[in-house]
file entry09.cif (mmCIF, C-alpha atoms)
data_input
#
loop_
_atom_site.label_atom_id
_atom_site.label_comp_id
_atom_site.auth_asym_id
_atom_site.auth_seq_id
_atom_site.Cartn_x
_atom_site.Cartn_y
_atom_site.Cartn_z
CA MET A 1 -3.09 -9.49 -21.02
CA ASN A 2 -5.21 -6.72 -22.41
CA ASP A 3 -3.69 -3.63 -23.92
CA ILE A 4 -4.59 -1.13 -21.21
CA VAL A 5 -2.78 -3.01 -18.44
CA MET A 6 0.22 -3.55 -20.71
CA ALA A 7 0.31 0.15 -21.62
CA ALA A 8 0.05 1.14 -17.94
CA SER A 9 2.96 -1.15 -16.99
CA VAL A 10 5.09 0.22 -19.83
CA ILE A 11 4.31 3.77 -18.67
CA LEU A 12 5.37 2.84 -15.13
CA ILE A 13 8.65 1.39 -16.42
CA LEU A 14 9.43 4.43 -18.60
CA VAL A 15 8.47 6.93 -15.89
CA GLY A 16 10.58 5.08 -13.30
CA MET A 17 13.53 4.89 -15.68
CA THR A 18 13.54 8.57 -16.68
CA ALA A 19 13.03 9.71 -13.09
CA ALA A 20 15.91 7.49 -11.93
CA ILE A 21 18.18 8.99 -14.58
CA PHE A 22 17.26 12.64 -14.06
CA ASN A 23 16.86 12.88 -10.29
CA ARG A 24 19.81 14.17 -8.31
CA ASP A 25 19.09 13.03 -4.78
CA PRO A 26 19.99 9.33 -4.22
CA PHE A 27 16.87 8.69 -2.14
CA ASP A 28 14.76 9.94 -5.05
CA LYS A 29 16.66 7.57 -7.35
CA LEU A 30 15.86 4.62 -5.09
CA ILE A 31 12.18 5.59 -5.02
CA SER A 32 12.15 5.75 -8.83
CA LEU A 33 13.72 2.26 -9.01
CA SER A 34 10.87 1.06 -6.84
CA VAL A 35 8.38 2.49 -9.37
CA LEU A 36 10.30 0.75 -12.18
CA ILE A 37 10.17 -2.68 -10.54
CA ALA A 38 6.46 -2.14 -9.88
CA GLY A 39 5.95 -1.80 -13.62
CA VAL A 40 7.81 -5.04 -14.38
CA PHE A 41 5.65 -7.21 -12.13
CA PRO A 42 2.48 -7.49 -14.25
CA PHE A 43 4.58 -8.87 -17.12
CA ILE A 44 6.04 -11.59 -14.90
CA ILE A 45 2.60 -12.54 -13.56
CA ASP A 46 0.97 -12.54 -16.97
CA ARG A 47 3.21 -15.35 -18.18
CA GLY A 48 2.36 -17.44 -15.11
CA PHE A 49 5.80 -17.31 -13.48
CA LEU A 50 4.47 -17.12 -9.95
CA ASP A 51 7.60 -18.56 -8.35
CA ILE A 52 9.82 -16.05 -10.18
CA ALA A 53 7.44 -13.32 -9.04
CA ILE A 54 7.74 -14.39 -5.40
CA ALA A 55 11.54 -14.53 -5.69
CA THR A 56 11.76 -11.09 -7.34
CA ALA A 57 9.39 -9.63 -4.77
CA LEU A 58 11.74 -10.75 -2.01
CA ILE A 59 15.05 -9.94 -3.74
CA ALA A 60 14.34 -6.40 -4.99
CA PRO A 61 13.49 -4.80 -1.60
CA LEU A 62 16.37 -6.65 0.06
CA SER A 63 18.79 -5.20 -2.48
CA THR A 64 17.43 -1.71 -1.74
CA ILE A 65 17.90 -2.28 1.98
CA PHE A 66 21.50 -3.47 1.46
CA THR A 67 22.19 -0.45 -0.78
CA LEU A 68 20.98 1.83 2.03
CA MET A 69 23.14 0.00 4.57
CA VAL A 70 26.23 0.42 2.37
CA CYS A 71 25.48 4.14 1.90
CA ARG A 72 25.17 4.66 5.62
CA ARG A 73 28.50 2.98 6.21
CA VAL A 74 30.20 5.09 3.53
CA GLN A 75 28.75 8.24 5.09
CA GLU A 76 30.05 7.51 8.58
CA MET B 1 -12.98 -6.06 -16.58
CA ILE B 2 -13.45 -2.58 -15.24
CA ALA B 3 -11.69 -3.44 -11.94
CA LEU B 4 -8.43 -4.09 -13.83
CA TYR B 5 -8.68 -0.82 -15.79
CA VAL B 6 -9.38 1.16 -12.60
CA CYS B 7 -6.25 -0.23 -10.91
CA ALA B 8 -4.09 0.38 -14.01
CA ALA B 9 -5.30 4.00 -14.26
CA ILE B 10 -4.67 4.63 -10.56
CA ALA B 11 -1.13 3.20 -10.91
CA VAL B 12 -0.32 5.57 -13.78
CA TYR B 13 -1.82 8.56 -11.93
CA ALA B 14 0.22 7.79 -8.80
CA ALA B 15 3.42 7.39 -10.88
CA LEU B 16 2.89 10.84 -12.39
CA ARG B 17 2.30 12.30 -8.90
CA VAL B 18 5.54 10.68 -7.69
CA ILE B 19 7.69 12.46 -10.24
CA ALA B 20 5.78 15.73 -9.85
CA GLU B 21 6.39 15.86 -6.09
CA ARG B 22 9.58 17.65 -5.01
CA ASN B 23 9.78 16.62 -1.36
CA THR B 24 11.31 13.15 -0.92
CA MET B 25 9.28 12.08 2.11
CA ARG B 26 6.01 13.18 0.54
CA LYS B 27 6.72 10.90 -2.45
CA LEU B 28 6.41 7.82 -0.27
CA PRO B 29 2.59 7.79 0.14
CA PHE B 30 2.27 7.93 -3.66
CA VAL B 31 4.67 4.99 -3.97
CA ASN B 32 2.44 3.18 -1.48
CA VAL B 33 -0.57 3.81 -3.76
CA ILE B 34 1.42 2.31 -6.66
CA SER B 35 2.17 -0.83 -4.67
CA PHE B 36 -1.51 -1.17 -3.70
CA ALA B 37 -2.49 -0.87 -7.35
CA VAL B 38 0.14 -3.35 -8.60
CA THR B 39 -0.81 -5.84 -5.85
CA ALA B 40 -4.40 -5.58 -7.08
CA ILE B 41 -3.30 -6.07 -10.71
CA ILE B 42 -1.28 -9.16 -9.70
CA ALA B 43 -4.32 -10.71 -8.04
CA LEU B 44 -6.73 -9.80 -10.84
CA LEU B 45 -4.54 -11.10 -13.68
CA LEU B 46 -4.15 -14.65 -12.41
CA PRO B 47 -6.78 -16.03 -9.99
CA HIS B 48 -4.89 -18.96 -8.50
CA PRO B 49 -4.33 -19.76 -4.79
CA ILE B 50 -0.55 -19.29 -5.08
CA THR B 51 -1.17 -15.76 -6.41
CA ILE B 52 -2.13 -14.76 -2.86
CA ILE B 53 1.42 -15.55 -1.74
CA ALA B 54 2.92 -13.63 -4.67
CA ALA B 55 0.72 -10.58 -4.02
CA ALA B 56 1.42 -10.63 -0.28
CA ALA B 57 5.18 -11.07 -0.84
CA TYR B 58 5.24 -8.12 -3.26
CA PHE B 59 3.22 -5.92 -0.92
CA VAL B 60 5.20 -6.72 2.23
CA GLY B 61 8.47 -6.29 0.29
CA SER B 62 7.40 -2.91 -1.04
CA THR B 63 6.30 -1.77 2.42
CA LEU B 64 9.60 -2.91 3.95
CA GLU B 65 11.50 -1.03 1.23
CA SER B 66 9.56 2.23 1.79
CA ASN B 67 10.08 1.89 5.52
CA ALA B 68 13.83 1.40 5.01
CA ILE B 69 14.05 4.45 2.73
CA ALA B 70 12.11 6.58 5.23
CA SER B 71 14.12 5.52 8.28
CA THR B 72 17.49 5.91 6.54
CA TRP B 73 16.45 9.37 5.34
CA ALA B 74 15.46 10.26 8.89
CA GLY B 75 18.85 9.21 10.21
CA GLY B 76 18.11 5.75 11.49
CA ILE B 77 17.08 4.64 14.95
CA LYS B 78 18.06 7.23 17.52
CA LYS B 79 20.13 5.50 20.17
CA PRO B 80 18.79 6.57 23.62
CA MET C 1 -28.27 -6.25 -9.53
CA LEU C 2 -26.21 -3.08 -9.78
CA ASP C 3 -23.93 -2.20 -12.68
CA GLU C 4 -20.19 -2.70 -12.27
CA PRO C 5 -19.18 0.98 -11.77
CA ALA C 6 -21.91 1.44 -9.15
CA ARG C 7 -20.80 -1.78 -7.39
CA ILE C 8 -17.20 -0.56 -7.33
CA LEU C 9 -18.25 2.73 -5.71
CA VAL C 10 -20.28 0.91 -3.06
CA THR C 11 -17.39 -1.43 -2.26
CA ALA C 12 -15.00 1.55 -2.14
CA ALA C 13 -17.14 3.15 0.57
CA LEU C 14 -17.34 -0.13 2.53
CA CYS C 15 -13.57 -0.70 2.34
CA TRP C 16 -12.89 2.93 3.35
CA ILE C 17 -15.08 2.57 6.44
CA ASN C 18 -13.53 -0.80 7.31
CA PHE C 19 -9.91 0.26 7.20
CA VAL C 20 -10.24 3.80 8.58
CA ALA C 21 -12.38 2.65 11.50
CA ILE C 22 -10.04 -0.19 12.45
CA ASP C 23 -6.91 1.96 12.06
CA VAL C 24 -8.29 4.82 14.15
CA PHE C 25 -9.53 2.31 16.73
CA PHE C 26 -6.06 0.76 17.01
CA LYS C 27 -4.56 4.19 17.72
CA LEU C 28 -2.53 4.51 14.53
CA PRO C 29 -2.77 8.35 14.53
CA GLU C 30 -1.36 8.53 18.04
CA SER C 31 2.34 8.24 17.27
CA GLY C 32 4.74 6.89 14.70
CA GLY C 33 5.27 3.17 15.18
CA VAL C 34 8.69 3.18 13.51
CA CYS C 35 11.00 6.14 12.88
CA GLY C 36 10.18 6.22 9.18
CA ALA C 37 6.57 7.00 10.04
CA THR C 38 7.64 9.92 12.23
CA ALA C 39 9.71 11.37 9.37
CA ILE C 40 6.75 11.21 6.99
CA ALA C 41 4.49 12.79 9.63
CA GLN C 42 6.89 15.72 10.05
CA GLU C 43 6.99 16.35 6.31
CA VAL C 44 3.21 16.14 6.00
CA GLU C 45 2.89 18.71 8.78
CA ASN C 46 5.40 20.99 7.04
CA GLY C 47 3.26 20.72 3.93
CA GLY C 48 0.21 22.10 5.71
CA GLY C 49 -1.33 18.99 7.20
CA ASP C 50 -2.03 17.83 10.71
CA LEU C 51 0.54 15.92 12.76
CA HIS C 52 -1.75 13.11 13.92
CA GLY C 53 -3.08 12.60 10.42
CA GLY C 54 0.53 12.52 9.29
CA TYR C 55 1.30 9.80 11.85
CA MET C 56 -1.49 7.69 10.36
CA LEU C 57 -0.23 8.26 6.79
CA GLY C 58 3.28 7.35 7.91
CA ASN C 59 2.08 4.21 9.68
CA ILE C 60 0.13 3.14 6.59
CA VAL C 61 3.32 3.49 4.48
CA SER C 62 5.70 1.83 6.94
CA SER C 63 3.85 -1.28 8.00
CA PRO C 64 0.95 -3.45 6.80
CA ASP C 65 -2.09 -2.06 8.57
CA ALA C 66 -5.83 -2.53 8.13
CA SER C 67 -5.68 -1.09 4.60
CA ALA C 68 -3.19 -3.76 3.54
CA GLY C 69 -5.23 -6.35 5.42
CA THR C 70 -8.41 -5.37 3.58
CA LEU C 71 -6.70 -5.46 0.18
CA LEU C 72 -4.97 -8.81 0.70
CA ALA C 73 -8.11 -10.34 2.20
CA SER C 74 -10.12 -9.27 -0.87
CA CYS C 75 -7.43 -10.77 -3.14
CA GLY C 76 -7.55 -13.93 -1.03
CA VAL C 77 -11.32 -14.26 -1.30
CA TYR C 78 -11.09 -13.58 -5.05
CA CYS C 79 -8.47 -16.30 -5.58
CA ALA C 80 -9.59 -18.99 -3.15
CA GLY C 81 -12.83 -18.11 -1.35
CA LEU C 82 -13.15 -17.58 2.41
CA PRO C 83 -10.16 -19.87 3.29
CA GLY C 84 -8.07 -17.74 0.92
CA GLY C 85 -9.05 -14.61 2.82
CA LEU C 86 -8.09 -16.12 6.17
CA PHE C 87 -4.80 -17.38 4.69
CA ALA C 88 -4.15 -13.80 3.53
CA ALA C 89 -4.81 -12.66 7.13
CA LEU C 90 -2.09 -15.06 8.28
CA LEU C 91 0.32 -13.61 5.67
CA VAL C 92 -0.49 -10.09 6.90
CA TYR C 93 0.30 -11.18 10.46
CA ILE C 94 3.69 -12.53 9.31
CA GLY C 95 4.31 -9.31 7.37
CA ASN C 96 3.59 -7.24 10.47
CA ARG C 97 6.17 -9.16 12.48
CA ILE C 98 8.74 -8.87 9.67
CA CYS C 99 8.30 -5.07 9.74
CA TYR C 100 8.86 -5.00 13.55
CA ASP C 101 5.29 -3.88 14.14
CA PRO C 102 3.82 -5.32 17.34
CA GLY C 103 0.24 -4.32 16.57
CA TYR C 104 -2.79 -6.26 15.37
CA ALA C 105 -4.46 -3.66 13.15
CA GLY C 106 -3.52 -5.47 9.94
CA THR C 107 -4.63 -8.89 11.07
CA THR C 108 -7.93 -7.59 12.46
CA GLY C 109 -8.61 -5.63 9.27
CA ALA C 110 -7.88 -8.71 7.18
CA ILE C 111 -10.19 -10.97 9.18
CA THR C 112 -13.11 -8.52 9.20
CA ALA C 113 -12.59 -7.81 5.50
CA SER C 114 -12.56 -11.55 4.67
CA PHE C 115 -15.96 -12.03 6.27
CA LEU C 116 -17.28 -8.78 4.80
CA VAL C 117 -16.21 -9.67 1.25
CA TRP C 118 -17.37 -13.26 1.53
CA GLY C 119 -20.73 -12.12 2.90
CA MET C 120 -21.20 -9.58 0.13
CA THR C 121 -20.36 -12.16 -2.54
CA GLN C 122 -23.37 -14.10 -1.33
CA LEU C 123 -25.47 -10.98 -2.01
CA GLY C 124 -24.48 -10.50 -5.65
CA PHE C 125 -21.22 -8.54 -5.44
CA TYR C 126 -17.97 -9.90 -6.85
CA ALA C 127 -14.69 -10.05 -4.95
CA SER C 128 -12.97 -8.19 -7.82
CA ASP C 129 -15.22 -5.19 -7.06
CA PHE C 130 -13.79 -5.12 -3.55
CA ILE C 131 -10.22 -5.20 -4.87
CA ALA C 132 -10.83 -2.17 -7.09
CA GLY C 133 -12.83 -0.48 -4.32
CA MET C 134 -9.97 -0.85 -1.84
CA VAL C 135 -7.49 0.69 -4.30
CA ILE C 136 -9.86 3.64 -4.78
CA ALA C 137 -10.23 3.99 -1.01
CA ILE C 138 -6.47 4.13 -0.42
CA LEU C 139 -6.18 6.62 -3.30
CA THR C 140 -8.54 9.01 -1.51
CA ILE C 141 -6.50 8.88 1.70
CA GLN C 142 -2.95 8.83 0.35
CA GLY C 143 -3.05 9.84 -3.27
CA ILE C 144 -4.94 13.11 -3.65
CA SER C 145 -4.00 15.67 -1.02
CA HIS C 146 -1.98 14.72 2.04
CA ALA C 147 -2.86 17.94 3.83
CA ARG C 148 -6.62 17.53 3.50
CA SER C 149 -6.76 13.82 4.28
CA SER C 150 -4.49 14.26 7.31
CA ARG C 151 -6.87 16.92 8.64
CA LEU C 152 -9.83 14.58 8.10
CA ILE C 153 -8.06 11.78 9.98
CA ALA C 154 -7.17 14.19 12.79
CA ARG C 155 -10.86 15.01 13.16
CA LEU C 156 -11.75 11.30 13.30
CA TRP C 157 -9.00 10.84 15.90
CA GLU C 158 -10.57 13.59 18.02
CA ILE C 159 -13.97 11.89 17.74
CA ARG C 160 -12.42 8.61 18.85
CA GLY C 161 -10.82 10.38 21.80
CA ARG C 162 -14.17 11.77 22.87
CA LEU C 163 -16.06 8.50 22.39
CA LEU C 164 -13.60 6.08 23.96
CA GLY C 165 -11.87 8.25 26.53
CA GLY C 166 -8.25 9.41 26.49
CA PRO C 167 -5.51 7.61 24.51
#
call {"tool": "encode", "arguments": {"input": "entry09.cif", "output": "structure tokens"}}
result
Amino acid sequence: MNDIVMAASVILILVGMTAAIFNRDPFDKLISLSVLIAGVFPFIIDRGFLDIAIATALIAPLSTIFTLMVCRRVQE
Amino acid sequence: MIALYVCAAIAVYAALRVIAERNTMRKLPFVNVISFAVTAIIALLLPHPITIIAAAAYFVGSTLESNAIASTWAGGIKKP
Amino acid sequence: MLDEPARILVTAALCWINFVAIDVFFKLPESGGVCGATAIAQEVENGGGDLHGGYMLGNIVSSPDASAGTLLASCGVYCAGLPGGLFAALLVYIGNRICYDPGYAGTTGAITASFLVWGMTQLGFYASDFIAGMVIAILTIQGISHARSSRLIARLWEIRGRLLGGP
């Protein structure tokens, strides 16, 4: 993978990580986690792990949806 | 490949706009731009027929996640 | 024929026309398809935009529409030729049903984009130009200024209302 795409993915991971740590609102934290996982994907694809990529692409949003469902139940 | 550099630059720009935006709901269109850009990077890095499935799975998953965040923020489906 | 940056700008314009025309035709700016789209529309209006443009931005975020169809069709044609593009249209259709969206904007956008990209590759363009062009097109609608792009979409929605009769 060439350097520019690698640098861009690393920036996405770092930006997502710092935003997730320093944001207060939980919805903002979830959005920052989404940015973080977006930065991880090019690394998975670059090695050729297409099946791992498909599995991660299905698991990560499902875990966000379950987190939201748990939060709604705790709020009620 | 200029196409790859364009998508990488747009992803970084959208990530910076996400953290600069204060309003939670207005962050979501920028997150959508990031998922468009990363879907494009996935397809451009590895031109193989199975990559279509990986790119589509990532994009639909990201859309479903943004939709879930938006509807939970809005209070869920209003029972009539 | 053309240089790569010029080709990417041309494909960006073509992708913009494809997805905006199909989305406005399928009445995306009319109302929020799911409640998440309505929430985004309200916040865009509070930020100085137009409500109908906000509905379209919200619908683009919440469900695969013609923009997603155009992007995935270009990726499909890049990876596997015209059959790849049509297979991507099938995946967009499945994605629409998973997101509880009963519409056909995504599938239509994907099919028209597959034929458009495949046709242009016969004329000297590359499918990778269309992928970059589509990302630039979505950046102009969703990534620069929500207020201004929602007002532009509201104007296109008015033009559609005048051309094709009431919603």
call {"tool": "resolve_selection", "arguments": {"input": "entry09.cif", "expression": "the PyMOL selection byres ((chain B and resi 61-78) around 8)", "output": "VMD selection string"}}
result
(chain A and resid 27 34 57 to 58 60 to 62 64 to 65 68 72) or (chain B and resid 25 28 32 35 57 to 60 79 to 80) or (chain C and resid 34 to 37 39 to 40 61 to 64 99)
call {"tool": "closest_residue", "arguments": {"input": "entry09.cif", "among": "C:Leu51, C:Val20, C:Ala12, C:Val44", "to": "Val135 in chain C", "atoms": "only C-alpha atoms"}}
result
C:Ala12
call {"tool": "closest_residue", "arguments": {"input": "entry09.cif", "among": "B:Val38, B:Ala54, B:Pro29, B:Thr24", "to": "chain C", "atoms": "all atoms listed in the file"}}
result
B:Pro29
call {"tool": "resolve_selection", "arguments": {"input": "entry09.cif", "expression": "the PyMOL selection byres ((chain C and resi 5) around 10)", "output": "VMD selection string"}}
result
(chain B and resid 2 to 3 6) or (chain C and resid 2 to 4 6 to 11 129 133)
call {"tool": "residues_around", "arguments": {"input": "entry09.cif", "residues": "Tyr13 in chain B", "least_positions_apart": "6", "cutoff": "12 Å", "atoms": "only C-alpha atoms", "output": "compact mmCIF listing (two decimals) with C-alpha atoms, in the frame of the given file"}}
result
# COMPACT_ATOMS: atom_id res chain seq x y z
CA ALA A 8 0.05 1.14 -17.94
CA SER A 9 2.96 -1.15 -16.99
CA ILE A 11 4.31 3.77 -18.67
CA LEU A 12 5.37 2.84 -15.13
CA VAL A 15 8.47 6.93 -15.89
CA VAL B 6 -9.38 1.16 -12.60
CA CYS B 7 -6.25 -0.23 -10.91
CA ILE B 19 7.69 12.46 -10.24
CA ALA B 20 5.78 15.73 -9.85
CA PHE B 30 2.27 7.93 -3.66
CA VAL B 31 4.67 4.99 -3.97
CA VAL B 33 -0.57 3.81 -3.76
CA ILE B 34 1.42 2.31 -6.66
CA ALA B 37 -2.49 -0.87 -7.35
CA ILE C 136 -9.86 3.64 -4.78
CA LEU C 139 -6.18 6.62 -3.30
CA GLY C 143 -3.05 9.84 -3.27
CA ILE C 144 -4.94 13.11 -3.65
call {"tool": "atom_distance", "arguments": {"input": "entry09.cif", "atom1": "CA of Asp28 in chain A", "atom2": "CA of Glu21 in chain B"}}
result
10.3 Å
call {"tool": "resolve_selection", "arguments": {"input": "entry09.cif", "expression": "the PyMOL selection byres ((chain A and resi 1) around 12)", "output": "list in words"}}
result
Asn2, Asp3, Ile4, Val5, Met6, Ala7, Ala8, Ser9, Pro42, Phe43, Ile44, Ile45, Asp46, Arg47 and Gly48 of chain A; Met1, Leu4, Tyr5, Ile41, Ile42, Leu44, Leu45 and Leu46 of chain B
call {"tool": "atom_distance", "arguments": {"input": "entry09.cif", "atom1": "CA of Gly32 in chain C", "atom2": "CA of Ile60 in chain C"}}
result
10.1 Å
call {"tool": "build_atoms", "arguments": {"input": "entry09.cif", "residues": "range 56-72 of chain A", "atoms": "N, CA and C atoms", "output": "mmCIF file, in the frame of the given file"}}
result
data_model
loop_
_atom_site.group_PDB
_atom_site.id
_atom_site.type_symbol
_atom_site.label_atom_id
_atom_site.label_comp_id
_atom_site.auth_asym_id
_atom_site.auth_seq_id
_atom_site.Cartn_x
_atom_site.Cartn_y
_atom_site.Cartn_z
ATOM 1 N N THR A 56 11.446 -12.494 -7.050
ATOM 2 C CA THR A 56 11.760 -11.090 -7.340
ATOM 3 C C THR A 56 11.199 -10.173 -6.277
ATOM 4 N N ALA A 57 10.009 -10.479 -5.786
ATOM 5 C CA ALA A 57 9.390 -9.630 -4.770
ATOM 6 C C ALA A 57 10.167 -9.648 -3.481
ATOM 7 N N LEU A 58 10.925 -10.723 -3.224
ATOM 8 C CA LEU A 58 11.740 -10.750 -2.010
ATOM 9 C C LEU A 58 13.130 -10.192 -2.267
ATOM 10 N N ILE A 59 13.668 -10.370 -3.495
ATOM 11 C CA ILE A 59 15.050 -9.940 -3.740
ATOM 12 C C ILE A 59 15.132 -8.431 -3.929
ATOM 13 N N ALA A 60 14.200 -7.830 -4.661
ATOM 14 C CA ALA A 60 14.340 -6.400 -4.990
ATOM 15 C C ALA A 60 14.331 -5.502 -3.749
ATOM 16 N N PRO A 61 13.400 -5.651 -2.798
ATOM 17 C CA PRO A 61 13.490 -4.800 -1.600
ATOM 18 C C PRO A 61 14.725 -5.079 -0.772
ATOM 19 N N LEU A 62 15.156 -6.361 -0.704
ATOM 20 C CA LEU A 62 16.370 -6.650 0.060
ATOM 21 C C LEU A 62 17.565 -5.943 -0.542
ATOM 22 N N SER A 63 17.634 -5.885 -1.881
ATOM 23 C CA SER A 63 18.790 -5.200 -2.480
ATOM 24 C C SER A 63 18.739 -3.713 -2.180
ATOM 25 N N THR A 64 17.518 -3.120 -2.130
ATOM 26 C CA THR A 64 17.430 -1.710 -1.740
ATOM 27 C C THR A 64 17.901 -1.514 -0.313
ATOM 28 N N ILE A 65 17.510 -2.425 0.578
ATOM 29 C CA ILE A 65 17.900 -2.280 1.980
ATOM 30 C C ILE A 65 19.416 -2.410 2.111
ATOM 31 N N PHE A 66 20.033 -3.351 1.368
ATOM 32 C CA PHE A 66 21.500 -3.470 1.460
ATOM 33 C C PHE A 66 22.183 -2.259 0.881
ATOM 34 N N THR A 67 21.619 -1.673 -0.221
ATOM 35 C CA THR A 67 22.190 -0.450 -0.780
ATOM 36 C C THR A 67 22.188 0.657 0.271
ATOM 37 N N LEU A 68 21.051 0.794 1.005
ATOM 38 C CA LEU A 68 20.980 1.830 2.030
ATOM 39 C C LEU A 68 21.988 1.570 3.137
ATOM 40 N N MET A 69 22.173 0.290 3.508
ATOM 41 C CA MET A 69 23.140 0.000 4.570
ATOM 42 C C MET A 69 24.555 0.362 4.129
ATOM 43 N N VAL A 70 24.898 0.079 2.859
ATOM 44 C CA VAL A 70 26.230 0.420 2.370
ATOM 45 C C VAL A 70 26.414 1.937 2.375
ATOM 46 N N CYS A 71 25.363 2.674 1.953
ATOM 47 C CA CYS A 71 25.480 4.140 1.900
ATOM 48 C C CYS A 71 25.683 4.707 3.276
ATOM 49 N N ARG A 72 25.011 4.108 4.278
ATOM 50 C CA ARG A 72 25.170 4.660 5.620
ATOM 51 C C ARG A 72 26.578 4.431 6.123
#
